[in-house]
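Trainee: Here you go, upload_39.cif (mmCIF, C-alpha atoms):
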data_upload
loop_
_atom_site.label_atom_id
_atom_site.label_comp_id
_atom_site.auth_asym_id
_atom_site.auth_seq_id
_atom_site.Cartn_x
_atom_site.Cartn_y
_atom_site.Cartn_z
CA MET A 1 0.00 0.00 0.00
CA MET A 2 1.37 3.42 -0.96
CA LYS A 3 2.17 5.89 1.77
CA ARG A 4 0.12 9.06 1.44
CA ASN A 5 0.63 12.62 2.57
CA PRO A 6 -1.59 13.21 5.64
CA TYR A 7 -2.71 16.62 4.38
CA ASN A 8 -3.66 16.07 0.75
CA PHE A 9 -3.38 12.32 0.15
CA PHE A 10 -0.75 12.88 -2.52
CA PRO A 11 0.75 9.47 -3.38
CA LEU A 12 4.49 9.28 -2.79
CA SER A 13 4.91 6.98 -5.78
CA VAL A 14 4.61 10.00 -8.07
CA LYS A 15 7.32 12.01 -6.33
CA SER A 16 10.27 10.58 -8.22
CA ARG A 17 8.66 11.84 -11.43
CA ILE A 18 8.24 15.28 -9.87
CA GLY A 19 11.89 15.29 -8.88
CA ILE A 20 12.91 14.60 -12.46
CA PHE A 21 10.62 17.37 -13.68
CA LEU A 22 11.96 19.84 -11.12
CA LEU A 23 15.61 19.11 -11.74
CA PHE A 24 15.93 18.10 -15.36
CA PHE A 25 13.19 19.90 -17.24
CA PHE A 26 14.23 23.15 -15.65
CA PHE A 27 16.69 24.08 -18.40
CA SER A 28 14.34 23.78 -21.36
CA PRO A 29 13.82 26.51 -23.97
CA LEU A 30 11.95 29.60 -22.84
CA LEU A 31 9.65 30.86 -25.55
CA ALA A 32 7.89 33.61 -23.65
CA ASP A 33 8.72 37.21 -24.53
CA ASP A 34 11.35 38.78 -22.32
CA ARG A 35 10.17 41.57 -20.05
CA PRO A 36 11.62 43.66 -17.24
CA PHE A 37 11.27 42.20 -13.77
CA VAL A 38 8.65 43.86 -11.56
CA PHE A 39 9.18 43.75 -7.79
CA PRO A 40 7.69 42.74 -5.43
CA LYS A 41 5.32 40.97 -7.87
CA ASP A 42 8.04 38.73 -9.33
CA HIS A 43 9.02 37.42 -5.90
CA SER A 44 5.98 35.13 -6.06
CA PHE A 45 5.54 32.11 -8.34
CA HIS A 46 4.57 32.52 -12.01
CA SER A 47 1.50 30.61 -13.17
CA ARG A 48 2.60 30.46 -16.83
CA TYR A 49 5.74 28.45 -16.03
CA LYS A 50 6.05 24.78 -15.20
CA VAL A 51 9.14 24.80 -13.01
CA GLU A 52 10.22 27.32 -10.40
CA TRP A 53 12.08 27.62 -7.14
CA CYS A 54 12.59 30.35 -4.60
CA TYR A 55 14.94 29.64 -1.77
CA PHE A 56 16.78 31.22 1.12
CA VAL A 57 20.09 30.21 2.69
CA GLY A 58 22.23 31.98 5.24
CA VAL A 59 24.52 32.05 8.24
CA LEU A 60 22.90 33.32 11.45
CA LYS A 61 24.26 34.38 14.84
CA SER A 62 22.40 33.79 18.10
CA ALA A 63 22.22 35.98 21.19
CA GLU A 64 24.71 33.53 22.77
CA GLY A 65 27.19 34.15 19.94
CA LYS A 66 26.71 30.74 18.30
CA GLU A 67 26.37 30.28 14.55
CA TYR A 68 23.80 28.34 12.55
CA GLY A 69 23.15 27.81 8.87
CA TYR A 70 19.73 27.35 7.29
CA GLU A 71 18.01 26.50 4.02
CA LEU A 72 14.34 27.09 3.25
CA SER A 73 13.42 26.25 -0.35
CA PHE A 74 10.01 26.57 -2.02
CA PHE A 75 9.51 24.64 -5.28
CA LYS A 76 6.78 24.53 -7.90
CA GLY A 77 6.58 21.61 -10.29
CA ILE A 78 4.08 19.79 -12.50
CA PHE A 79 2.76 16.26 -12.51
CA GLY A 80 0.02 14.58 -14.49
CA LYS A 81 -2.00 16.92 -16.71
CA ASN A 82 -0.52 20.28 -15.71
CA GLN A 83 -1.28 19.91 -12.01
CA GLU A 84 0.93 22.04 -9.77
CA VAL A 85 2.69 20.58 -6.73
CA PHE A 86 4.66 22.47 -4.08
CA PRO A 87 7.57 20.73 -2.33
CA VAL A 88 9.43 22.54 0.47
CA HIS A 89 12.87 21.68 1.89
CA PHE A 90 13.92 23.03 5.28
CA ALA A 91 17.24 22.49 7.06
CA ILE A 92 19.17 23.92 10.01
CA SER A 93 22.91 23.32 10.45
CA ASP A 94 24.20 23.53 14.02
CA PHE A 95 27.84 24.54 13.53
CA GLU A 96 29.02 23.92 17.10
CA ASN A 97 27.58 20.41 17.35
CA GLN A 98 28.04 19.61 13.64
CA LYS A 99 24.45 18.45 13.30
CA HIS A 100 22.30 18.88 10.20
CA HIS A 101 18.54 18.74 10.81
CA ILE A 102 16.07 18.48 7.92
CA THR A 103 12.34 18.31 7.33
CA GLN A 104 10.23 18.54 4.18
CA THR A 105 6.77 18.42 2.69
CA ILE A 106 4.94 18.32 -0.62
CA GLU A 107 1.43 19.69 -1.11
CA ARG A 108 -1.14 20.56 -3.76
CA LYS A 109 -3.61 23.42 -3.94
CA LEU A 110 -6.35 20.91 -3.09
CA GLY A 111 -8.07 21.95 0.14
CA GLY A 112 -6.09 25.15 0.35
CA MET A 113 -2.98 23.31 1.51
CA ALA A 114 -0.67 25.21 -0.87
CA GLY A 115 -0.70 28.20 -3.19
CA TYR A 116 0.71 31.59 -4.01
CA ASP A 117 -0.30 35.17 -4.71
CA VAL A 118 1.41 38.56 -4.78
CA GLY A 119 1.79 38.49 -1.00
CA GLN A 120 2.98 34.98 -0.25
CA ILE A 121 4.03 31.48 -1.23
CA PHE A 122 2.91 28.70 1.10
CA SER A 123 2.85 24.91 1.26
CA GLY A 124 1.57 23.12 4.34
CA ASP A 125 3.17 24.70 7.41
CA TYR A 126 5.79 26.64 5.44
CA THR A 127 5.27 30.24 4.34
CA MET A 128 7.24 32.96 2.59
CA ARG A 129 5.52 36.30 3.13
CA ILE A 130 6.39 39.04 0.65
CA LEU A 131 6.35 42.32 2.57
CA GLY A 132 8.07 44.59 0.04
CA LYS A 133 10.67 44.76 -2.70
CA THR A 134 13.37 43.42 -0.38
CA ASP A 135 11.42 42.54 2.78
CA PHE A 136 10.29 39.03 3.74
CA ARG A 137 9.12 36.91 6.63
CA LEU A 138 9.85 33.17 6.64
CA ILE A 139 7.85 30.74 8.78
CA ALA A 140 8.58 27.01 9.01
CA LYS A 141 6.73 25.19 11.77
CA ASP A 142 5.90 21.68 10.61
CA ARG A 143 3.21 20.17 12.83
CA GLY A 144 4.30 16.69 11.73
CA ASN A 145 7.95 17.27 12.71
CA SER A 146 8.41 19.57 15.67
CA SER A 147 12.16 18.94 15.97
CA ILE A 148 13.06 22.15 14.12
CA SER A 149 11.26 25.40 13.31
CA LEU A 150 12.03 28.89 12.09
CA ASP A 151 10.48 32.36 12.15
CA LEU A 152 12.71 34.99 10.54
CA LYS A 153 12.43 38.55 9.26
CA LEU A 154 14.69 39.54 6.38
CA ASN A 155 15.31 42.92 4.79
CA SER A 156 17.81 44.60 2.52
CA LYS A 157 18.25 47.61 0.26
CA ILE A 158 16.58 47.69 -3.15
CA SER A 159 20.03 48.24 -4.65
CA ASP A 160 20.97 44.73 -3.44
CA LEU A 161 18.70 43.11 -6.07
CA LEU A 162 21.02 41.24 -8.41
CA LEU A 163 19.94 40.17 -11.92
CA HIS A 164 22.07 37.41 -13.43
CA GLY A 165 23.05 36.97 -17.06
CA ASP A 166 21.57 39.51 -19.46
CA ASN A 167 19.23 41.57 -17.26
CA GLY A 168 17.91 38.42 -15.63
CA LYS A 169 18.05 36.00 -18.57
CA SER A 170 20.58 33.43 -17.38
CA ILE A 171 21.98 31.16 -20.10
CA LYS A 172 22.94 27.72 -18.84
CA SER A 173 24.90 26.49 -21.84
CA ARG A 174 27.02 28.35 -24.40
CA LYS A 175 26.70 25.29 -26.64
CA ASN A 176 22.94 25.82 -26.82
CA PRO A 177 21.97 29.37 -25.75
CA ASN A 178 18.28 28.57 -26.24
CA PHE A 179 18.41 26.99 -22.81
CA TYR A 180 18.08 29.53 -20.06
CA SER A 181 16.05 30.60 -17.04
CA TYR A 182 14.91 33.87 -15.54
CA TYR A 183 17.15 34.33 -12.53
CA TYR A 184 17.83 36.92 -9.83
CA SER A 185 19.16 37.00 -6.27
CA ILE A 186 19.02 39.22 -3.22
CA PRO A 187 22.23 38.84 -1.20
CA GLY A 188 22.95 40.58 2.07
CA LEU A 189 19.49 40.21 3.59
CA PHE A 190 19.83 41.24 7.26
CA THR A 191 18.13 38.52 9.27
CA THR A 192 16.68 38.32 12.79
CA GLY A 193 14.13 36.09 14.50
CA GLU A 194 14.02 32.67 16.12
CA LEU A 195 15.07 29.10 15.46
CA THR A 196 14.05 26.00 17.37
CA ILE A 197 16.08 22.79 17.58
CA GLY A 198 14.38 20.18 19.72
CA GLU A 199 13.24 21.89 22.91
CA LYS A 200 15.73 24.75 22.56
CA LYS A 201 14.57 28.14 21.33
CA ILE A 202 17.38 30.19 19.78
CA ARG A 203 17.07 33.96 19.41
CA ILE A 204 18.74 35.17 16.23
CA VAL A 205 20.15 38.68 16.59
CA SER A 206 21.95 39.00 13.25
CA GLY A 207 22.70 37.15 10.05
CA ASP A 208 23.23 37.42 6.31
CA SER A 209 20.76 35.56 4.10
CA TRP A 210 20.80 35.03 0.35
CA MET A 211 17.61 34.68 -1.70
CA ASP A 212 17.69 32.94 -5.10
CA HIS A 213 14.74 32.75 -7.49
CA GLU A 214 14.54 31.04 -10.90
CA TRP A 215 11.71 30.09 -13.22
CA SER A 216 11.58 28.38 -16.60
CA SER A 217 9.56 26.25 -19.04
CA PRO A 218 6.35 28.06 -20.05
CA PHE A 219 3.35 25.82 -20.65
CA ASP A 220 3.48 26.45 -24.41
CA SER A 221 7.09 25.24 -24.68
CA PRO A 222 7.69 21.96 -26.54
CA PRO A 223 8.87 18.95 -24.58
CA ASN A 224 12.63 18.53 -24.62
CA SER A 225 13.69 14.99 -23.93
CA LYS A 226 17.40 15.72 -24.13
CA LEU A 227 17.54 17.92 -21.03
CA SER A 228 14.88 15.86 -19.27
CA ASP A 229 17.53 13.16 -18.85
CA PRO A 230 18.58 12.44 -15.26
CA SER A 231 22.22 12.53 -16.34
CA ASN A 232 22.20 16.35 -16.08
CA SER A 233 23.98 17.84 -13.09
CA TRP A 234 25.27 21.08 -11.64
CA ASP A 235 27.27 22.71 -8.85
CA TRP A 236 26.28 26.10 -7.42
CA ILE A 237 27.61 28.48 -4.80
CA CYS A 238 26.74 31.84 -3.29
CA ILE A 239 29.44 33.75 -1.42
CA GLN A 240 29.31 36.82 0.80
CA LEU A 241 32.78 38.20 1.52
CA GLU A 242 33.50 40.37 4.55
CA ASP A 243 34.64 43.21 2.24
CA GLY A 244 31.08 43.44 0.85
CA THR A 245 31.63 41.48 -2.38
CA LYS A 246 28.80 39.11 -3.38
CA ILE A 247 29.41 36.19 -5.74
CA MET A 248 27.22 33.60 -7.46
CA ALA A 249 28.81 30.86 -9.59
CA PHE A 250 27.66 27.59 -11.12
CA ASN A 251 28.75 24.70 -13.33
CA PHE A 252 26.29 22.95 -15.62
CA ARG A 253 26.79 19.55 -17.31
CA GLU A 254 24.41 18.03 -19.81
CA SER A 255 25.64 14.47 -19.22
CA PRO A 256 28.19 12.57 -17.10
CA ASN A 257 30.70 12.87 -19.95
CA SER A 258 30.08 16.57 -20.62
CA LYS A 259 32.63 19.18 -19.67
CA SER A 260 31.34 21.67 -17.11
CA GLU A 261 30.25 25.04 -18.45
CA SER A 262 30.90 27.70 -15.81
CA PHE A 263 29.28 31.08 -15.20
CA ALA A 264 29.42 33.68 -12.43
CA THR A 265 28.17 37.07 -11.31
CA VAL A 266 30.30 39.28 -9.06
CA LYS A 267 28.82 42.32 -7.33
CA LEU A 268 31.45 44.61 -5.88
CA ASN A 269 30.95 46.64 -2.72
CA SER A 270 30.84 49.75 -4.93
CA GLY A 271 27.62 48.37 -6.48
CA LYS A 272 29.19 47.51 -9.82
CA LYS A 273 28.10 44.17 -11.29
CA VAL A 274 30.50 42.04 -13.32
CA GLY A 275 29.05 39.19 -15.38
CA LEU A 276 31.45 36.36 -16.19
CA ASN A 277 29.70 34.40 -18.91
CA GLN A 278 32.40 33.66 -21.48
CA GLU A 279 34.41 30.46 -21.66
CA GLY A 280 37.59 30.68 -19.59
CA GLU A 281 36.41 33.51 -17.35
CA VAL A 282 35.41 31.20 -14.48
CA SER A 283 37.04 28.09 -13.04
CA PHE A 284 34.91 26.43 -10.35
CA SER A 285 36.60 23.11 -9.65
CA PRO A 286 36.63 20.48 -6.88
CA HIS A 287 39.54 18.78 -5.17
CA SER A 288 39.90 15.06 -5.81
CA SER A 289 38.81 13.97 -2.32
CA LYS A 290 35.14 13.12 -1.71
CA TRP A 291 32.88 12.63 1.29
CA LYS A 292 30.56 9.61 1.24
CA SER A 293 27.10 10.03 2.74
CA PRO A 294 26.31 7.34 5.32
CA GLY A 295 22.62 7.73 4.48
CA THR A 296 22.45 7.64 0.67
CA GLN A 297 25.97 6.35 -0.10
CA LYS A 298 26.40 9.20 -2.59
CA GLU A 299 29.83 10.81 -2.83
CA TYR A 300 30.31 14.58 -2.89
CA PRO A 301 33.45 16.70 -3.40
CA LEU A 302 33.30 19.27 -0.59
CA PHE A 303 36.56 21.19 -1.10
CA TRP A 304 36.62 23.58 -4.08
CA ASN A 305 38.53 26.38 -5.76
CA LEU A 306 36.94 29.36 -7.51
CA THR A 307 39.09 31.58 -9.74
CA THR A 308 38.10 34.25 -12.25
CA ARG A 309 39.62 36.12 -15.19
CA SER A 310 38.26 39.57 -15.95
CA SER A 311 39.26 42.95 -17.36
CA GLU A 312 37.75 44.34 -14.16
CA LYS A 313 40.63 43.88 -11.71
CA GLU A 314 38.40 44.17 -8.65
CA ALA A 315 36.57 41.03 -9.81
CA LEU A 316 39.73 38.89 -9.97
CA LEU A 317 39.16 36.08 -7.46
CA ASP A 318 41.22 33.20 -6.15
CA LEU A 319 39.14 31.53 -3.45
CA LYS A 320 39.32 28.29 -1.48
CA ILE A 321 36.03 26.75 -0.34
CA GLU A 322 35.60 24.20 2.45
CA PRO A 323 32.57 22.96 4.40
CA VAL A 324 31.82 24.13 7.91
CA PHE A 325 31.24 20.41 8.47
CA GLU A 326 30.75 17.53 6.07
CA ASP A 327 27.37 15.96 6.82
CA GLN A 328 25.00 18.56 5.32
CA GLU A 329 23.28 16.34 2.76
CA PHE A 330 19.56 16.83 2.11
CA ASP A 331 17.88 13.51 1.40
CA SER A 332 14.67 14.67 -0.22
CA ARG A 333 13.72 11.38 -1.84
CA PRO A 334 10.42 11.32 0.14
CA THR A 335 9.26 14.55 -1.55
CA THR A 336 11.14 15.14 -4.81
CA GLY A 337 12.83 11.84 -5.57
CA PHE A 338 16.48 12.90 -5.32
CA SER A 339 19.17 13.82 -2.81
CA TYR A 340 21.76 16.58 -2.88
CA TRP A 341 24.37 18.29 -0.70
CA GLU A 342 23.57 21.83 0.38
CA GLY A 343 25.43 23.38 3.25
CA ALA A 344 27.37 26.21 4.79
CA VAL A 345 30.96 26.75 3.66
CA LYS A 346 33.96 28.88 4.69
CA ILE A 347 35.81 31.06 2.18
CA LEU A 348 39.46 32.14 2.19
CA GLY A 349 41.56 33.63 -0.59
CA THR A 350 42.25 36.82 -2.49
CA ARG A 351 40.36 39.43 -4.49
CA ASN A 352 42.60 41.46 -6.76
CA GLY A 353 45.56 40.20 -4.76
CA LYS A 354 44.21 41.27 -1.37
CA LYS A 355 43.33 38.72 1.30
CA VAL A 356 39.62 38.14 1.85
CA LYS A 357 37.39 35.76 3.79
CA GLY A 358 33.69 35.11 4.01
CA THR A 359 30.85 32.62 4.17
CA GLY A 360 28.68 30.92 1.60
CA TYR A 361 26.36 28.08 0.69
CA LEU A 362 27.34 25.27 -1.68
CA GLU A 363 24.86 23.09 -3.59
CA LEU A 364 25.92 19.88 -5.33
CA LYS A 365 23.51 17.97 -7.51
CA GLY A 366 25.54 15.09 -8.95
CA ASN A 367 24.83 12.87 -11.93
CA GLN A 368 23.47 9.88 -10.08
CA ASN A 369 21.32 9.16 -7.05
#
Can the structure from this file be put into structure tokens for me?

Mentor:
Amino acid sequence: MMKRNPYNFFPLSVKSRIGIFLLFFFFSPLLADDRPFVFPKDHSFHSRYKVEWCYFVGVLKSAEGKEYGYELSFFKGIFGKNQEVFPVHFAISDFENQKHHITQTIERKLGGMAGYDVGQIFSGDYTMRILGKTDFRLIAKDRGNSSISLDLKLNSKISDLLLHGDNGKSIKSRKNPNFYSYYYSIPGLFTTGELTIGEKKIRIVSGDSWMDHEWSSPFDSPPNSKLSDPSNSWDWICIQLEDGTKIMAFNFRESPNSKSESFATVKLNSGKKVGLNQEGEVSFSPHSSKWKSPGTQKEYPLFWNLTTRSSEKEALLDLKIEPVFEDQEFDSRPTTGFSYWEGAVKILGTRNGKKVKGTGYLELKGNQN
């Protein structure tokens, strides 16, 4: 007998198909006309698109001076005959105790259990409230898993909005530029509020969060079997340096034998944005060593180097990346049919020859489950 979601009776047997749709159909051709982004409207989901995610990660400091990382990711995917589903992934990383706590859900609009409008995205007991162009409130209090919860307020300056690629059109492959998403971030979101781990309530007095939002695949786009293949993979990182520099970089591979195509956006403390989209401008590469998950048996490279080449000297980077601790895998097979590593990392290196350090979040979606 299939296990069913207690809220909407959504059969788990379908979730692996949703995971494939979320992860591998995402980079299909966009046929809709380009348009300028409109905020805060575009912070919510877009009904004309099949695949979308909006997520928050960050490093937070408690009133006791302890540090925690978190991820709260809202997804929209399609199953069956254009029926929307809304998975959510939530994790807290306890740096001091090197513990990674996760919980997750997947809901449908049926019975009002999930949905979105200009003021919010919600699924089950997880809500992202849109309070302004760069103001949000995040609530994660899963009644079915009371081991962790979150209630955070986030705000930043409008000038912190960061459009990737060509004014928000982010190409994923130079070999086939028809494949792209709409993509923007808001780094440097000042964060306060409360976390709960077990019986312990933790008051958060400061923190830097990073919001990422992408959408792709309009309903009138043709099916694309090539990039629906589960052999696709990528690596992604966001970095916030102490000197005020913000960095997003990713690798994309069409198949296990494909060479990574690398892209990055660097926003300097002066406000200047530098897009690194040409071949050879970005090297985002792992060390040879790998960590093996005791839960899924997947192997992940957790030590990386990021270097850039640019005519803008202030965007010249040579950074070393290492995990705060290793076991930050998110096993989301119960909701989206795949697992991945997403966790807090430490950054050391140079920018234009000067020593820098910072924090970030690394996401690794390998070729195989």

Trainee: How many Å lie between atom CA of A:Thr245 and atom CA of A:Tyr184, rounded to one decimal?

Mentor: 16.3 Å

Trainee: In Å, rounded to a single decimal, give me how far atom CA of A:Pro334 is from atom CA of A:Leu154.

Mentor: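 Pair atom CA of A:Leu154 / atom CA of A:Pro334 returns 29.2 Å.
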
Trainee: What is the atom CA of A:Gly198-atom CA of A:Leu138 distance in Å, reported with one decimal?

Mentor: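 Atom-to-atom, atom CA of A:Gly198 and atom CA of A:Leu138 are spaced 19.0 Å apart.
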
Trainee: Mind checking which residues fall within 12 Å of A:Asn305, counting all atoms listed in the file, ignoring those fewer than 5 positions away in the same chain, and posting them as a PDB file with C-alpha atoms, keeping the file's coordinate frame?

Mentor:
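And here's part_1.pdb as it stands now:
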ATOM      1  CA  ILE A 237      27.610  28.480  -4.800  1.00  0.00           C
ATOM      2  CA  ALA A 249      28.810  30.860  -9.590  1.00  0.00           C
ATOM      3  CA  VAL A 282      35.410  31.200 -14.480  1.00  0.00           C
ATOM      4  CA  SER A 283      37.040  28.090 -13.040  1.00  0.00           C
ATOM      5  CA  PHE A 284      34.910  26.430 -10.350  1.00  0.00           C
ATOM      6  CA  SER A 285      36.600  23.110  -9.650  1.00  0.00           C
ATOM      7  CA  PRO A 286      36.630  20.480  -6.880  1.00  0.00           C
ATOM      8  CA  HIS A 287      39.540  18.780  -5.170  1.00  0.00           C
ATOM      9  CA  SER A 288      39.900  15.060  -5.810  1.00  0.00           C
ATOM     10  CA  LEU A 317      39.160  36.080  -7.460  1.00  0.00           C
ATOM     11  CA  ASP A 318      41.220  33.200  -6.150  1.00  0.00           C
ATOM     12  CA  LEU A 319      39.140  31.530  -3.450  1.00  0.00           C
ATOM     13  CA  LYS A 320      39.320  28.290  -1.480  1.00  0.00           C
ATOM     14  CA  ILE A 321      36.030  26.750  -0.340  1.00  0.00           C
ATOM     15  CA  GLU A 322      35.600  24.200   2.450  1.00  0.00           C
ATOM     16  CA  LYS A 346      33.960  28.880   4.690  1.00  0.00           C
ATOM     17  CA  ILE A 347      35.810  31.060   2.180  1.00  0.00           C
ATOM     18  CA  LEU A 348      39.460  32.140   2.190  1.00  0.00           C
ATOM     19  CA  GLY A 349      41.560  33.630  -0.590  1.00  0.00           C
ATOM     20  CA  THR A 350      42.250  36.820  -2.490  1.00  0.00           C
ATOM     21  CA  LEU A 362      27.340  25.270  -1.680  1.00  0.00           C
TER      22      LEU A 362
END

Trainee: Which polymer residues have any atom within 9 Å of an atom of A:Leu195, counting all atoms listed in the file, with same-chain residues fewer than 4 positions away left out, as a PyMOL selection string?

Mentor: chain A and resi 92+148-152+200-204

Trainee: Name the residues that the PyMOL selection byres ((chain A and resi 73) around 6) picks from the file above, as a list in words, using the file's chain letters and numbers.

Mentor: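 Taken over the shown coordinates, the PyMOL selection byres ((chain A and resi 73) around 6) returns Cys54, Tyr55, Leu72, Phe74, Val88 and His89 of chain A.
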
Trainee: Those residues you just picked out, can you put them in a file as a tab-separated table (two decimals), in the frame of the given file with C-alpha atoms?

Mentor:
chain	number	residue	atom	x	y	z
A	54	CYS	CA	12.59	30.35	-4.60
A	55	TYR	CA	14.94	29.64	-1.77
A	72	LEU	CA	14.34	27.09	3.25
A	74	PHE	CA	10.01	26.57	-2.02
A	88	VAL	CA	9.43	22.54	0.47
A	89	HIS	CA	12.87	21.68	1.89

Trainee: Pick out the residues sitting within 7 Å of A:Ile78, and hand them over as a list in words; count only C-alpha atoms, and ignore anything fewer than 5 positions along from it in its own chain.

Mentor: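 The contact residues come out as Ile18, Lys50, Gln83, Glu84 and Val85 of chain A.
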
Trainee: Kindly resolve the PyMOL selection byres ((chain A and resi 180) around 6) on the present coordinates and return the residues as a PyMOL selection string.

Mentor: chain A and resi 27+170-172+179+181

Trainee: Choose the residue, out of A:Phe263, A:Phe45, A:Tyr340, A:Phe39, that has the smallest atom-to-atom separation from A:Leu131; count all atoms listed in the file.

Mentor: A:Phe39

Trainee: Which residue is closest to A:His46? Choose from A:Val118, A:Ile158, A:Val59, A:Ala91 and count only C-alpha atoms.

Mentor: A:Val118

Trainee: List, as a ChimeraX atom specification, every residue that the PyMOL selection byres ((chain A and resi 214) around 7) selects in the file provided.

Mentor: /A:52-54,181-184,212-213,215-216

Trainee: Which one of A:Gly80, A:Gly112, A:Pro87, A:Gly165 sits closest to A:Gln278 if you count all atoms listed in the file?

Mentor: A:Gly165

Trainee: Using all atoms listed in the file, pick whichever of A:Gly132, A:Pro187, A:Gly343, A:Gly193 has the shortest atom-to-atom distance to A:Leu268.

Mentor: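 Among the listed residues, the smallest separation from A:Leu268 belongs to A:Pro187.
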
Trainee: Could you write stretch 356-368 of chain A as a compact mmCIF listing (two decimals), keeping the file's coordinate frame, with N, CA, C and O atoms rebuilt where they are missing?

Mentor:
# COMPACT_ATOMS: atom_id res chain seq x y z
N VAL A 356 41.03 38.01 1.50
CA VAL A 356 39.62 38.14 1.85
C VAL A 356 39.16 36.85 2.53
O VAL A 356 39.79 35.80 2.41
N LYS A 357 38.03 36.95 3.25
CA LYS A 357 37.39 35.76 3.79
C LYS A 357 35.89 36.01 3.84
O LYS A 357 35.43 37.16 3.71
N GLY A 358 35.13 34.95 3.99
CA GLY A 358 33.69 35.11 4.01
C GLY A 358 32.98 33.80 4.26
O GLY A 358 33.59 32.81 4.68
N THR A 359 31.69 33.80 4.00
CA THR A 359 30.85 32.62 4.17
C THR A 359 30.06 32.39 2.89
O THR A 359 29.96 33.26 2.02
N GLY A 360 29.48 31.21 2.78
CA GLY A 360 28.68 30.92 1.60
C GLY A 360 27.85 29.68 1.79
O GLY A 360 27.87 29.05 2.86
N TYR A 361 27.11 29.33 0.74
CA TYR A 361 26.36 28.08 0.69
C TYR A 361 26.67 27.39 -0.63
O TYR A 361 26.66 28.04 -1.68
N LEU A 362 26.96 26.10 -0.53
CA LEU A 362 27.34 25.27 -1.68
C LEU A 362 26.24 24.25 -1.93
O LEU A 362 25.78 23.59 -0.99
N GLU A 363 25.85 24.10 -3.21
CA GLU A 363 24.86 23.09 -3.59
C GLU A 363 25.47 22.18 -4.64
O GLU A 363 25.99 22.65 -5.65
N LEU A 364 25.36 20.87 -4.40
CA LEU A 364 25.92 19.88 -5.33
C LEU A 364 24.84 18.90 -5.72
O LEU A 364 24.33 18.15 -4.88
N LYS A 365 24.47 18.93 -6.99
CA LYS A 365 23.51 17.97 -7.51
C LYS A 365 24.26 17.11 -8.53
O LYS A 365 24.47 17.52 -9.65
N GLY A 366 24.70 15.94 -8.10
CA GLY A 366 25.54 15.09 -8.95
C GLY A 366 24.74 14.39 -10.02
O GLY A 366 23.53 14.54 -10.17
N ASN A 367 25.46 13.54 -10.78
CA ASN A 367 24.83 12.87 -11.93
C ASN A 367 23.95 11.70 -11.54
O ASN A 367 23.06 11.34 -12.29
N GLN A 368 24.22 11.08 -10.42
CA GLN A 368 23.47 9.88 -10.08
C GLN A 368 22.98 9.95 -8.66
O GLN A 368 23.59 10.57 -7.80
